[in-house]
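**Student:** Have a look at this one.
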Amino acid sequence: MSLPASAIAASTQFADTIYSGGEILTMKGKKPQYTEALAVRDGKIAYVGSKAGAFRLKSDHTKVVDLKGKVLLPGFIDAHGHMLNFGKNLVDCDLFGAKDIADVVERMKAHIAKIPGDAWIVGFGYSLPVLAEHRHPTAAELDQISSGRPILVSDSSGHQGSMNSALMKLADISATTEDPQGGVFVRVPGTKEPLGPMEETALLGKVRPLRPPFAGVLADKVMTEGAALWAAYGQTTAMECGLGLGPDDISIVKNAIDKNLLPIDLVVFAKESATSDVIDAAYGVGRDYDAQGVGNAEKILASRPDLNKRYVNRVRLGGIKFWLDGSIPTAWMSKPYSTPPAGQPADYVAYRQIPDQMLLEFFDKFWKSSMQINMHVNGDAAAEQALLAIEAAIKKHGRSDHRPVFVHASYMRPDQIERMRAVGGIPSYLSAALPGAGDTVLKLWGPERASHSMAANTMIQKGMRFTLSHDAPITPRPVILPLLDAAVNRASASGSVIGPKERITPYQALLGVTNYAAYQIKEEGAKGTLEVGKLADLVILDKNPLKVDPTTIKNIGVVETIKEGKSIYRADGKVGHFEGLARTLFAFSGHAAQDISFGPCPGCQMIAYKKRMANSTVRTKFECV
């Protein structure tokens with residue numbers, strides 16, 4: 001029975017929303033637990049239990065949601081991704097699936113019309129195994145696109161790419177330029193002249209940071225379009241694990257904070273070289289908000305129903321990110337590759353990215369602080385460098401609840417896994433690489449290392465937590481369900497099962513994007529499971545991943561994403577709070593929108609709008625927010 005409005009005024013215990021009529025999977029514990037109903041009040045979960053109990057919290061103002069047999073889960077958590085950098089890529093040329101270098105060139109030529117005349121021409125996403133030439137474009141080939149404007153392309157790993165002659169000149173890269181530690185400028189055979197392609201720190205540290213900054217409405221779009229896509233895949237918490245890869249990264253994040261642009265939470269980890277600047281910026285944000293009024297920063301934080309109070313306008317600083325090695329062809333190993341990449345010697349083991357002393361100093365400084373350290377490690381030699389630095393910090397300072405993250409942890413020896421458990425480390429597996437690159441791993445690393453890669457089942461047997469991550473834009477989209485599918489089936493593109501003993505159940509895979517992911521980012525008190533008092537961060541799926549053919553998990557659709565009790569994405573186009581976000585964007589871009597309507601974009605099904613502008617005709621074409 002509903003309660004009258006007069007009774008509501010005398011009580012604050014009624015629910016804003018009640019969910020029932022479907023499968024509600026709490027994600028508590030090591031085995032699946034379901035509940036009949038869930039109630040939300042003031043952005044938090046107010047009740048989990050029977051339908052009868054939930055409806056005792058119903059008033060005339062309570063919204064009742066019939067799930068109609070669909071599945072309600074905790075909102076997914078991005079355990080390792082690059083939302084800011086993905087947002088930048090959304091304005092770059094899409095090179096995924098390019099079949100050869102001529103295809104790359106033609107796509108880039110077509111892209112020129114979409115960008116300002118003074119901007120770099122940038123493309124992202126081609127794959128060497130897919131390109132007919134199995135190599136990167138040269139500067140001369142990229143000069144076919146434009147010889148006068150800087151051109152930069154990078155492959156789908158983000159660790160390798162190429163530049164044209166104009167960018168080479170701008171970056172002052174010549175025959176006299178030394179290769180940076182942890183990187184290579186590929187040379188014209190028989191000379192020291194740069195050919196155009198580059199790897200690792202040559203690309204990431206020397207060339208990419210020179211790209212002109214995103215500003216104004218473009219800076220808005222980087223964050224809002226990225227967040228919209230994360231939400232469309234069921235994520236209520238996103239990550240930027242490498243803030244500072246671009247010189248404008250900090251200003252883009254501050255812009256999002258100042259304009260309150262984000263509908264989901266964003267945890268940022270500073271690239272190690274940008275740590276001081278990021279920390280200074282974080283303190284600066286606090287000072288700026290305090291300057292607006294006495295105690296205003298505290299009021300902003302207190303207004304959010306979060307248990308840890310660390311976010312300001314949905315952004316918080318989580319810690320620091322290191323790259324200790326590269327991608328699959330440049331993973332730093334203790335023993336030679338079974339089949340070295342083309343052009344490499346028989347004893348090839350790749351190479352380290354940073355000196356030991358740098359990592360030792362950071363762990364010494366931050367081991368007992370709130371600044372959590374994430375380390376990109378693909379090979380066991382990189383994992384060894386990480387473990388030695390952590391063990392040195394423990395020897396000097398004692399244990400702490402630091403929870404160091406071994407990002408990817410693609411191959412770790414059994415002895416290293418034991419040591420990772422001893423230091424409280426957490427691996428975050430890029431399971432999406434198994435379908436896309438499993439055959440390459442098998443060839444380059446050999447069957448022994450491939451079969452023990454991403455050892456999720458080993459983690460379970462040892463009672464350890466792990467997470468699954470997409471590392472978008474390394475994965476073309478920030479998807480979650482395909483991560484589960486890959487971890488459960490471990491099937492490569494050829495149909496080979498890469499390490500059958502490391503397959504896990506669908507429920508165990510779900511833990512890696514909810515319960516365990518919340519623990520990894522130290523927010524298990526507020527997120528990751530459906531429990532009273534936690535944030536009402538929820539996702540509704542059209543099918544239960546535990547009850548479908550495991551090979552079809554990747555095809556499950558997100559019906560709705562809910563952040564703190566408010567709908568932020570719906571597959572049917574009834575987009576809820578994105579309308580307010582769009583109106584905010586219009587205001588900041590100087591538009592006087594008089595009539596805005598919303599729906600799914602016909603091209604990509606993301607949030608879109610059409611509007612009537614002052615003194616103009618109706619624009620009938622939908623455009624992505």
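Ordering of the structure tokens sets the chain letters (A, B, ...); residue numbers start at 1 within each chain; ligands are numbered from 1 in the order shown.
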Set the distance at 8 Å and use only C-alpha atoms: which residues neighbour A:Ser147 once local chain neighbours fewer than 2 positions away are removed? I'd like the list as a list in words.

**Tutor:**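 Near A:Ser147, the qualifying residues are Leu142, Asp143, Gln144, Ile145, Arg149, Pro150, Asn164, Ser165 and Ala166 of chain A.
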
**Student:** List the neighbours of A:Asp155 out to 8 Å using only C-alpha atoms; skip same-chain residues closer than 2 positions along the sequence, and give me the result as a ChimeraX atom specification.

**Tutor:** /A:124-128,153,157-161

**Student:** Extract the full set of strand (DSSP E) residues from stretch 457-586 of chain A according to DSSP on the backbone, and format it as a VMD selection string.

**Tutor:** chain A and resid 467 to 468 538 to 541 558 to 563 566 to 570

**Student:** Any chance you can output those residues with C-alpha atoms as an mmCIF file, in the first residue's frame?

**Tutor:**
```cif
data_model
loop_
_atom_site.group_PDB
_atom_site.id
_atom_site.type_symbol
_atom_site.label_atom_id
_atom_site.label_comp_id
_atom_site.auth_asym_id
_atom_site.auth_seq_id
_atom_site.Cartn_x
_atom_site.Cartn_y
_atom_site.Cartn_z
ATOM 1 C CA THR A 467 40.446 -7.687 -12.011
ATOM 2 C CA LEU A 468 39.590 -7.671 -15.713
ATOM 3 C CA LEU A 538 23.777 -0.105 -10.911
ATOM 4 C CA VAL A 539 23.630 -1.713 -14.336
ATOM 5 C CA ILE A 540 20.750 -3.620 -15.926
ATOM 6 C CA LEU A 541 21.594 -6.300 -18.526
ATOM 7 C CA VAL A 558 23.380 -3.095 -21.431
ATOM 8 C CA VAL A 559 19.770 -1.949 -20.930
ATOM 9 C CA GLU A 560 20.420 0.859 -18.454
ATOM 10 C CA THR A 561 23.214 2.368 -16.376
ATOM 11 C CA ILE A 562 22.349 4.103 -13.097
ATOM 12 C CA LYS A 563 24.715 6.350 -11.133
ATOM 13 C CA LYS A 566 19.850 8.334 -11.418
ATOM 14 C CA SER A 567 19.664 6.945 -14.936
ATOM 15 C CA ILE A 568 22.595 8.098 -17.058
ATOM 16 C CA TYR A 569 22.244 5.739 -20.015
ATOM 17 C CA ARG A 570 19.342 3.806 -21.507
#
```

**Student:** Quick check, in Å to one decimal: how far apart do atom CA of A:Arg107 and atom CA of A:Arg211 lie?

**Tutor:**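 Interatomic distance, atom CA of A:Arg107 to atom CA of A:Arg211: 20.2 Å.
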
**Student:** Residues near A:Lys547, anyone? I mean within 12 Å using only C-alpha atoms, not counting same-chain ones fewer than 5 positions away, as an mmCIF file with N, CA and C atoms, in the first residue's frame.

**Tutor:**
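Output file around_10.cif is given in full below:
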```cif
data_model
loop_
_atom_site.group_PDB
_atom_site.id
_atom_site.type_symbol
_atom_site.label_atom_id
_atom_site.label_comp_id
_atom_site.auth_asym_id
_atom_site.auth_seq_id
_atom_site.Cartn_x
_atom_site.Cartn_y
_atom_site.Cartn_z
ATOM 1 N N GLU A 23 16.187 -10.706 -11.972
ATOM 2 C CA GLU A 23 17.257 -11.328 -11.186
ATOM 3 C C GLU A 23 18.185 -10.225 -10.679
ATOM 4 N N PRO A 32 27.366 -17.079 -6.348
ATOM 5 C CA PRO A 32 26.272 -16.158 -6.677
ATOM 6 C C PRO A 32 25.211 -16.089 -5.592
ATOM 7 N N LYS A 70 14.856 -9.023 -16.503
ATOM 8 C CA LYS A 70 16.249 -8.647 -16.788
ATOM 9 C C LYS A 70 17.085 -8.724 -15.511
ATOM 10 N N VAL A 71 18.371 -8.430 -15.624
ATOM 11 C CA VAL A 71 19.320 -8.678 -14.535
ATOM 12 C C VAL A 71 19.892 -7.364 -14.015
ATOM 13 N N THR A 505 34.944 -19.236 -14.249
ATOM 14 C CA THR A 505 33.500 -19.250 -14.439
ATOM 15 C C THR A 505 32.991 -17.844 -14.722
ATOM 16 N N PRO A 506 31.791 -17.720 -15.292
ATOM 17 C CA PRO A 506 31.238 -16.384 -15.530
ATOM 18 C C PRO A 506 31.099 -15.564 -14.247
ATOM 19 N N TYR A 507 30.728 -16.191 -13.144
ATOM 20 C CA TYR A 507 30.592 -15.437 -11.897
ATOM 21 C C TYR A 507 31.948 -14.912 -11.434
ATOM 22 N N ASP A 542 20.382 -7.286 -20.374
ATOM 23 C CA ASP A 542 19.228 -7.966 -20.955
ATOM 24 C C ASP A 542 19.248 -9.471 -20.726
ATOM 25 N N THR A 552 28.504 -16.784 -25.675
ATOM 26 C CA THR A 552 27.662 -15.656 -26.102
ATOM 27 C C THR A 552 27.624 -14.526 -25.082
ATOM 28 N N ILE A 553 28.439 -14.629 -24.035
ATOM 29 C CA ILE A 553 28.444 -13.576 -23.005
ATOM 30 C C ILE A 553 28.748 -12.216 -23.626
ATOM 31 N N ILE A 556 25.747 -9.980 -24.743
ATOM 32 C CA ILE A 556 24.760 -9.461 -23.797
ATOM 33 C C ILE A 556 24.747 -7.933 -23.874
#
```

**Student:** Which one of A:Val48, A:Ala113, A:Ile18, A:Val349 sits closest to A:Glu531 if you count only C-alpha atoms?

**Tutor:**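 For A:Glu531, the nearest of the candidates is A:Val48.
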
**Student:** To one decimal in Å, tell me the separation between atom CA of A:Ala472 and atom CA of A:Phe86.

**Tutor:**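 These atoms are spaced 6.6 Å apart.
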
**Student:** Would you list the contacts of stretch 453-460 of chain A as an MDAnalysis selection string, taking every protein, DNA or RNA residue within 10 Å and counting only C-alpha atoms, but skipping same-chain residues closer than 2 positions in sequence?

**Tutor:** chainID A and resid 30 378:379 408:414 417:418 421 426:431 433:434 438 441:442 445 447:451 462:468 487:488 490 498:505 508:509 512

**Student:** Within 9 Å of A:Ala219, counting only C-alpha atoms, which residues qualify if same-chain residues fewer than 6 places away don't, as a PyMOL selection string?

**Tutor:** chain A and resi 88+213+251-253+255-256

**Student:** Create the file for the chosen residues now, containing N, CA and C atoms and written as a PDB file, in the first residue's frame.

**Tutor:**
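Contents of again-v1.pdb, as written:
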```pdb
ATOM      1  N   LYS A  88      40.166  11.804 -26.500  1.00  0.00           N
ATOM      2  CA  LYS A  88      40.963  12.469 -27.537  1.00  0.00           C
ATOM      3  C   LYS A  88      40.909  11.678 -28.842  1.00  0.00           C
ATOM      4  N   PRO A 213      47.466  21.445 -27.433  1.00  0.00           N
ATOM      5  CA  PRO A 213      46.448  21.099 -26.434  1.00  0.00           C
ATOM      6  C   PRO A 213      45.017  21.193 -26.958  1.00  0.00           C
ATOM      7  N   SER A 251      44.833  20.133 -17.588  1.00  0.00           N
ATOM      8  CA  SER A 251      43.886  21.228 -17.834  1.00  0.00           C
ATOM      9  C   SER A 251      42.536  20.685 -18.294  1.00  0.00           C
ATOM     10  N   ILE A 252      42.528  19.587 -19.040  1.00  0.00           N
ATOM     11  CA  ILE A 252      41.266  18.994 -19.485  1.00  0.00           C
ATOM     12  C   ILE A 252      40.483  18.465 -18.286  1.00  0.00           C
ATOM     13  N   VAL A 253      41.161  17.823 -17.352  1.00  0.00           N
ATOM     14  CA  VAL A 253      40.483  17.303 -16.162  1.00  0.00           C
ATOM     15  C   VAL A 253      39.990  18.448 -15.284  1.00  0.00           C
ATOM     16  N   ASN A 255      39.156  21.367 -16.241  1.00  0.00           N
ATOM     17  CA  ASN A 255      38.012  21.935 -16.956  1.00  0.00           C
ATOM     18  C   ASN A 255      36.740  21.143 -16.649  1.00  0.00           C
ATOM     19  N   ALA A 256      36.854  19.813 -16.634  1.00  0.00           N
ATOM     20  CA  ALA A 256      35.694  18.965 -16.333  1.00  0.00           C
ATOM     21  C   ALA A 256      35.225  19.157 -14.901  1.00  0.00           C
TER      22      ALA A 256
END
```

**Student:** In Å, rounded to a single decimal, give me how far atom CA of A:Thr514 is from atom CA of A:Ser400.

**Tutor:**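 So the two atoms, atom CA of A:Ser400 and atom CA of A:Thr514, lie 23.5 Å apart.
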
**Student:** With a distance cut-off of 12 Å and only C-alpha atoms, select the neighbouring residues of A:Lys192, excluding the residue or stretch itself and same-chain residues fewer than 6 positions from it, and output the selection as JSON, numbers by chain.

**Tutor:** {"A": [173, 174, 175, 176, 177, 178, 179, 184, 185, 186]}

**Student:** Using only C-alpha atoms, which protein or nucleic acid residues come within 6 Å of stretch 325-336 of chain A? Drop anything in the same chain fewer than 4 positions from it, and give the result as a count of residues only.

**Tutor:** 13
